[in-house]
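structure36.cif (mmCIF, C-alpha atoms and all ligand atoms) appears below.
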data_input
#
loop_
_atom_site.label_atom_id
_atom_site.label_comp_id
_atom_site.auth_asym_id
_atom_site.auth_seq_id
_atom_site.Cartn_x
_atom_site.Cartn_y
_atom_site.Cartn_z
CA MET N 761 -32.71 12.04 0.82
CA SER N 762 -29.61 9.89 0.71
CA LYS N 763 -27.92 9.61 -2.68
CA ARG N 764 -25.91 6.62 -1.50
CA HIS N 765 -26.01 3.31 -3.35
CA PRO N 766 -24.93 0.26 -1.32
CA ILE N 767 -21.57 -1.38 -2.03
CA ILE N 768 -20.41 -4.90 -1.21
CA ALA N 769 -16.68 -5.24 -1.83
CA GLY N 770 -14.73 -8.48 -1.56
CA ASN N 771 -11.08 -8.40 -0.50
CA TRP N 772 -9.26 -11.55 -1.56
CA LYS N 773 -6.08 -10.39 0.20
CA MET N 774 -3.07 -12.48 -0.97
CA ASN N 775 -5.13 -15.36 -2.36
CA LYS N 776 -5.92 -16.97 -5.73
CA ILE N 777 -3.73 -17.75 -8.69
CA VAL N 778 -4.89 -16.79 -12.20
CA ARG N 779 -6.84 -20.00 -12.92
CA GLU N 780 -8.72 -19.70 -9.62
CA ALA N 781 -9.49 -16.04 -10.31
CA GLN N 782 -10.93 -16.93 -13.72
CA ASP N 783 -13.13 -19.74 -12.33
CA TYR N 784 -14.34 -17.42 -9.58
CA ALA N 785 -15.21 -14.58 -11.95
CA ILE N 786 -17.23 -16.85 -14.22
CA LYS N 787 -19.08 -18.39 -11.27
CA LEU N 788 -19.82 -15.10 -9.50
CA LEU N 789 -21.06 -13.47 -12.69
CA GLY N 790 -23.31 -16.47 -13.33
CA ARG N 791 -24.85 -16.04 -9.86
CA ILE N 792 -25.20 -12.27 -9.53
CA GLY N 793 -24.92 -10.94 -13.07
CA ASN N 794 -28.31 -9.23 -12.80
CA VAL N 795 -27.96 -7.64 -9.35
CA THR N 796 -28.41 -3.89 -9.60
CA ASP N 797 -29.49 -2.80 -6.12
CA VAL N 798 -25.93 -3.22 -4.79
CA ASP N 799 -22.61 -2.29 -6.43
CA VAL N 800 -20.39 -5.37 -6.27
CA VAL N 801 -16.60 -5.00 -6.24
CA VAL N 802 -13.92 -7.71 -6.27
CA CYS N 803 -10.52 -6.53 -5.02
CA ALA N 804 -7.89 -8.98 -6.21
CA PRO N 805 -4.09 -9.28 -6.07
CA PHE N 806 -2.30 -7.43 -8.89
CA THR N 807 -1.47 -10.71 -10.66
CA ALA N 808 -5.17 -11.60 -11.11
CA LEU N 809 -6.38 -8.22 -12.31
CA SER N 810 -5.92 -8.69 -16.04
CA THR N 811 -7.83 -11.99 -15.84
CA LEU N 812 -10.66 -10.19 -14.08
CA LYS N 813 -10.53 -7.55 -16.83
CA ASP N 814 -11.01 -10.30 -19.45
CA GLU N 815 -13.93 -11.86 -17.58
CA LEU N 816 -15.67 -8.89 -15.96
CA GLU N 817 -14.85 -5.65 -17.78
CA GLU N 818 -18.23 -5.30 -19.49
CA SER N 819 -20.19 -6.68 -16.53
CA ILE N 820 -21.86 -5.15 -13.48
CA ILE N 821 -19.04 -6.46 -11.24
CA HIS N 822 -16.42 -3.78 -10.57
CA ILE N 823 -12.74 -4.66 -10.41
CA GLY N 824 -10.60 -3.36 -7.57
CA ALA N 825 -6.95 -3.54 -6.49
CA GLN N 826 -5.69 -3.72 -2.91
CA ASP N 827 -3.06 -0.96 -2.98
CA LEU N 828 -1.23 1.47 -5.26
CA PHE N 829 1.78 3.77 -5.20
CA TRP N 830 1.20 7.52 -5.38
CA VAL N 831 3.59 8.37 -8.24
CA ALA N 832 2.45 7.81 -11.87
CA SER N 833 5.63 6.16 -13.18
CA GLY N 834 9.38 6.05 -12.65
CA ALA N 835 12.10 4.44 -10.57
CA PHE N 836 9.96 2.73 -7.90
CA THR N 837 10.83 -0.94 -8.24
CA GLY N 838 7.98 -3.25 -7.31
CA GLU N 839 5.31 -0.57 -7.14
CA ILE N 840 2.08 -0.18 -9.19
CA SER N 841 0.56 3.20 -10.02
CA ALA N 842 -3.06 4.34 -10.17
CA GLU N 843 -2.70 4.84 -13.93
CA MET N 844 -1.60 1.20 -14.32
CA LEU N 845 -4.70 0.07 -12.44
CA VAL N 846 -6.98 2.16 -14.63
CA ASP N 847 -5.27 0.62 -17.67
CA ILE N 848 -6.41 -2.87 -16.61
CA ALA N 849 -10.01 -1.80 -15.98
CA CYS N 850 -9.85 -1.25 -12.22
CA THR N 851 -12.35 1.26 -10.91
CA TYR N 852 -11.77 0.74 -7.17
CA VAL N 853 -8.72 0.40 -4.95
CA ILE N 854 -8.43 -0.44 -1.25
CA ILE N 855 -6.14 2.03 0.54
CA GLY N 856 -4.75 1.79 4.06
CA HIS N 857 -5.98 -1.71 4.94
CA SER N 858 -5.03 -2.48 8.54
CA GLU N 859 -2.77 -5.31 7.39
CA ARG N 860 -0.74 -2.78 5.40
CA ARG N 861 -0.76 -0.29 8.27
CA GLU N 862 0.34 -2.94 10.80
CA ILE N 863 2.58 -5.31 8.85
CA LEU N 864 3.99 -2.98 6.17
CA LYS N 865 4.06 0.09 8.44
CA GLU N 866 2.06 2.35 6.14
CA THR N 867 1.57 5.76 7.69
CA ASP N 868 -1.33 8.18 7.48
CA GLU N 869 0.92 10.41 5.35
CA ASP N 870 1.48 7.57 2.84
CA ILE N 871 -2.23 6.82 2.85
CA ALA N 872 -3.22 10.45 2.22
CA LYS N 873 -0.91 10.48 -0.83
CA LYS N 874 -2.39 7.23 -2.11
CA ILE N 875 -5.94 8.55 -1.74
CA LYS N 876 -5.07 11.65 -3.76
CA ALA N 877 -3.35 9.58 -6.48
CA ALA N 878 -6.37 7.27 -6.75
CA LEU N 879 -8.81 10.16 -7.07
CA LYS N 880 -6.63 11.96 -9.61
CA ALA N 881 -6.62 8.85 -11.81
CA GLY N 882 -10.40 8.46 -11.54
CA LEU N 883 -10.38 5.44 -9.20
CA THR N 884 -12.71 5.11 -6.23
CA PRO N 885 -10.56 4.62 -3.12
CA ILE N 886 -11.90 2.43 -0.30
CA LEU N 887 -10.13 3.93 2.71
CA CYS N 888 -9.87 1.50 5.63
CA VAL N 889 -9.86 2.85 9.16
CA GLY N 890 -10.25 1.14 12.52
CA GLU N 891 -8.90 0.65 16.01
CA ASN N 892 -7.10 -2.35 17.48
CA LEU N 893 -8.23 -4.25 20.58
CA ALA N 894 -5.96 -2.41 23.02
CA GLN N 895 -7.13 0.97 21.72
CA ARG N 896 -10.76 -0.11 22.09
CA GLU N 897 -10.22 -1.42 25.62
CA GLU N 898 -8.53 1.86 26.57
CA GLY N 899 -11.62 3.74 25.33
CA ARG N 900 -9.69 5.34 22.48
CA ALA N 901 -11.48 3.76 19.49
CA LEU N 902 -13.35 6.88 18.48
CA ALA N 903 -10.30 9.14 18.78
CA ILE N 904 -8.17 6.73 16.72
CA VAL N 905 -10.73 6.39 13.94
CA ARG N 906 -11.51 10.11 13.87
CA GLY N 907 -7.78 10.89 13.69
CA GLN N 908 -7.29 8.47 10.78
CA VAL N 909 -10.19 10.01 8.85
CA GLN N 910 -8.90 13.52 9.42
CA LYS N 911 -5.28 12.74 8.51
CA ASP N 912 -5.98 10.43 5.56
CA LEU N 913 -8.46 12.81 3.94
CA ALA N 914 -6.69 16.06 4.81
CA ASP N 915 -7.03 18.90 2.30
CA LEU N 916 -9.39 17.11 -0.07
CA PRO N 917 -11.89 19.35 -1.84
CA SER N 918 -15.55 18.37 -1.27
CA GLU N 919 -15.98 17.11 -4.86
CA ASP N 920 -13.17 14.63 -4.21
CA LEU N 921 -14.27 13.73 -0.70
CA LYS N 922 -17.65 12.51 -1.88
CA ARG N 923 -15.92 10.04 -4.23
CA VAL N 924 -14.14 8.32 -1.33
CA VAL N 925 -15.61 5.19 0.23
CA ILE N 926 -14.69 4.62 3.87
CA ALA N 927 -14.56 1.15 5.40
CA TYR N 928 -14.70 0.99 9.18
CA GLU N 929 -12.81 -2.18 10.07
CA PRO N 930 -12.04 -2.75 13.76
CA LEU N 931 -8.84 -4.82 13.75
CA TRP N 932 -10.09 -7.21 16.43
CA ALA N 933 -12.93 -8.25 14.11
CA ILE N 934 -10.85 -8.90 10.98
CA GLY N 935 -10.46 -12.58 10.20
CA THR N 936 -11.32 -13.49 13.80
CA GLY N 937 -14.94 -14.52 13.40
CA LYS N 938 -15.85 -11.76 15.90
CA THR N 939 -18.16 -9.20 14.33
CA SER N 940 -18.81 -5.87 15.93
CA SER N 941 -22.43 -5.72 17.06
CA SER N 942 -24.50 -4.00 14.41
CA GLN N 943 -25.24 -1.20 16.90
CA ASP N 944 -21.51 -0.66 17.68
CA ALA N 945 -20.72 -0.68 13.96
CA GLN N 946 -23.53 1.81 13.33
CA ASP N 947 -22.31 4.07 16.15
CA MET N 948 -18.80 4.23 14.70
CA CYS N 949 -20.03 4.73 11.13
CA GLU N 950 -22.26 7.55 12.37
CA ALA N 951 -19.26 9.08 14.18
CA ILE N 952 -17.25 8.85 10.95
CA ARG N 953 -20.04 10.67 9.10
CA THR N 954 -20.10 13.35 11.79
CA THR N 955 -16.31 13.73 11.43
CA LEU N 956 -16.75 14.10 7.67
CA ALA N 957 -19.47 16.69 8.22
CA GLY N 958 -16.98 18.63 10.33
CA ILE N 959 -14.59 18.61 7.36
CA ALA N 960 -17.01 19.13 4.47
CA GLY N 961 -20.55 19.83 5.73
CA THR N 962 -23.46 18.18 3.93
CA VAL N 963 -21.15 16.32 1.53
CA ALA N 964 -20.81 13.81 4.40
CA ASP N 965 -24.31 12.54 3.57
CA GLU N 966 -23.10 11.44 0.14
CA VAL N 967 -20.10 9.40 1.33
CA ASN N 968 -20.52 5.62 1.38
CA ILE N 969 -19.38 4.13 4.68
CA LEU N 970 -18.91 0.36 4.84
CA TYR N 971 -18.39 -1.98 7.76
CA GLY N 972 -15.75 -4.72 7.59
CA GLY N 973 -14.77 -7.45 10.03
CA SER N 974 -16.00 -11.05 9.79
CA VAL N 975 -19.04 -10.11 7.69
CA LYS N 976 -20.82 -13.24 6.45
CA ALA N 977 -23.98 -14.23 4.62
CA ASP N 978 -25.80 -14.65 7.91
CA ASN N 979 -24.94 -11.27 9.49
CA ILE N 980 -24.94 -8.92 6.48
CA ALA N 981 -28.69 -8.13 6.63
CA GLU N 982 -28.63 -6.77 10.19
CA LEU N 983 -25.66 -4.54 9.30
CA MET N 984 -27.26 -3.25 6.10
CA VAL N 985 -30.37 -1.96 7.86
CA GLN N 986 -28.31 0.45 9.97
CA PRO N 987 -28.77 4.02 8.73
CA ASP N 988 -25.07 4.91 8.42
CA ILE N 989 -23.81 1.54 7.10
CA ASP N 990 -23.89 1.57 3.31
CA GLY N 991 -22.39 -1.83 2.66
CA ALA N 992 -19.50 -4.07 3.61
CA LEU N 993 -15.87 -4.88 2.92
CA VAL N 994 -15.64 -8.65 3.10
CA GLY N 995 -12.44 -10.68 3.45
CA GLY N 996 -12.68 -14.40 4.20
CA ALA N 997 -16.33 -14.72 3.17
CA SER N 998 -15.58 -13.32 -0.29
CA LEU N 999 -13.14 -16.09 -1.21
CA ASP N 1000 -15.75 -18.59 -2.31
CA ALA N 1001 -17.82 -17.33 -5.26
CA ASP N 1002 -21.03 -19.09 -4.21
CA GLY N 1003 -20.67 -17.94 -0.61
CA PHE N 1004 -20.01 -14.36 -1.70
CA ALA N 1005 -22.99 -14.49 -4.07
CA GLN N 1006 -25.18 -15.64 -1.19
CA LEU N 1007 -23.89 -12.79 1.00
CA ILE N 1008 -24.70 -10.29 -1.77
CA GLU N 1009 -28.17 -11.75 -2.19
CA ASN N 1010 -28.77 -11.43 1.57
CA ALA N 1011 -27.55 -7.81 1.68
C1 LIG N 1101 -10.84 -7.53 5.38
O1 LIG N 1101 -9.90 -8.17 4.96
O2 LIG N 1101 -10.95 -6.34 5.04
C2 LIG N 1101 -11.81 -8.18 6.25
C3 LIG N 1101 -12.79 -7.49 6.75
O3 LIG N 1101 -11.61 -9.51 6.48
P1 LIG N 1101 -12.66 -10.56 7.15
O4 LIG N 1101 -13.99 -10.32 6.48
O5 LIG N 1101 -12.09 -11.90 6.85
O6 LIG N 1101 -12.73 -10.24 8.61
#
Would you mind writing the file out in structure tokens?
Amino acid sequence: MSKRHPIIAGNWKMNKIVREAQDYAIKLLGRIGNVTDVDVVVCAPFTALSTLKDELEESIIHIGAQDLFWVASGAFTGEISAEMLVDIACTYVIIGHSERREILKETDEDIAKKIKAALKAGLTPILCVGENLAQREEGRALAIVRGQVQKDLADLPSEDLKRVVIAYEPLWAIGTGKTSSSQDAQDMCEAIRTTLAGIAGTVADEVNILYGGSVKADNIAELMVQPDIDGALVGGASLDADGFAQLIENA
């Protein structure tokens, strides 16, 4: 029997100033404050996190960041550590989002260090993996995604591996309005679970695997019924509190 509990995580990306974050938190909590069948996470820019702490710390909505640096403290100007995120009530952190891989040139080695730092501090990392359009068209999607999973989670003991959440996010579906078909998304999430089983055996059954890429209120239900899809990472459709609440209700 699966021990997995579904997760719907919103990724605001680089959006919302403090006042907007506060209004959003109050509105979302008012709409979904009693939802218990799904874990809800809001991943906000660093500047909005302490506002979310004030509004959501004691609530059922989990607070997440969108990145961290792998060292605890020191001479790393501009960086934020896992310990700093824990200090402002974060329990989740997105690691290796494709925008960071592509635009900020994050490598799998960087990402592996960030995953370890998150776990060490007690955060739940949401590791993003996914292929771009050219890689898909060349028939290399599976190899790319499998390679990312293997490199980003290298050397993790099974007790740590089962605390990682993986988000399969094909780049061609992010912010484009094009969603992977629910069957294609299921096939890749199943392949990710098989890859995890190769690394850590039956622990793979305990890992939450999310789909991300133009998920909306009207397509979440068909994704959620797939056996290896345990939730979603939602960008654009998480920016409006009422819209995100509706998506969560439909999940
Ligand atoms: C994302 O930012 O992780 C994402 C999936 O974005 P969108 O839902 O807008 O495609």
Shell around Asp847 in chain N at 10 Å using all atoms listed in the file, local window under 5 positions removed, as a list in words: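 Those residues are Ser810, Lys813, Ser841 and Ala842 of chain N.
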Selected residues written out with C-alpha atoms, as a CSV table (one decimal), in the coordinates of the input:
chain,number,residue,atom,x,y,z
N,810,SER,CA,-5.9,-8.7,-16.0
N,813,LYS,CA,-10.5,-7.6,-16.8
N,841,SER,CA,0.6,3.2,-10.0
N,842,ALA,CA,-3.1,4.3,-10.2
Close residues to ligand LIG 1101 (chain N) using all atoms listed in the file, limit 8 Å, as a PyMOL selection string: chain N and resi 770-773+857-858+888+929+933-937+939+971-976+993-998
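Using all atoms listed in the file, the smallest distance between any of N:Leu902, N:Val853, N:Ala977, N:Cys949 and Asp1000 in chain N comes from N:Ala977.
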Point-to-point distance in Å for CA of Glu839 in chain N and CA of Asp814 in chain N: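 Computing it gives 22.6 Å between the two atoms.
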Distance criterion (only C-alpha atoms): nearest to Asp799 in chain N out of N:Asp915, N:Asp1002, N:Asp990, N:Asp965: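 Nearest to Asp799 in chain N: N:Asp990.
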Separation of CA of Asn892 in chain N from CA of Pro930 in chain N, in Å and rounded to one decimal: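 Calculated distance between CA of Asn892 in chain N and CA of Pro930 in chain N is 6.2 Å.
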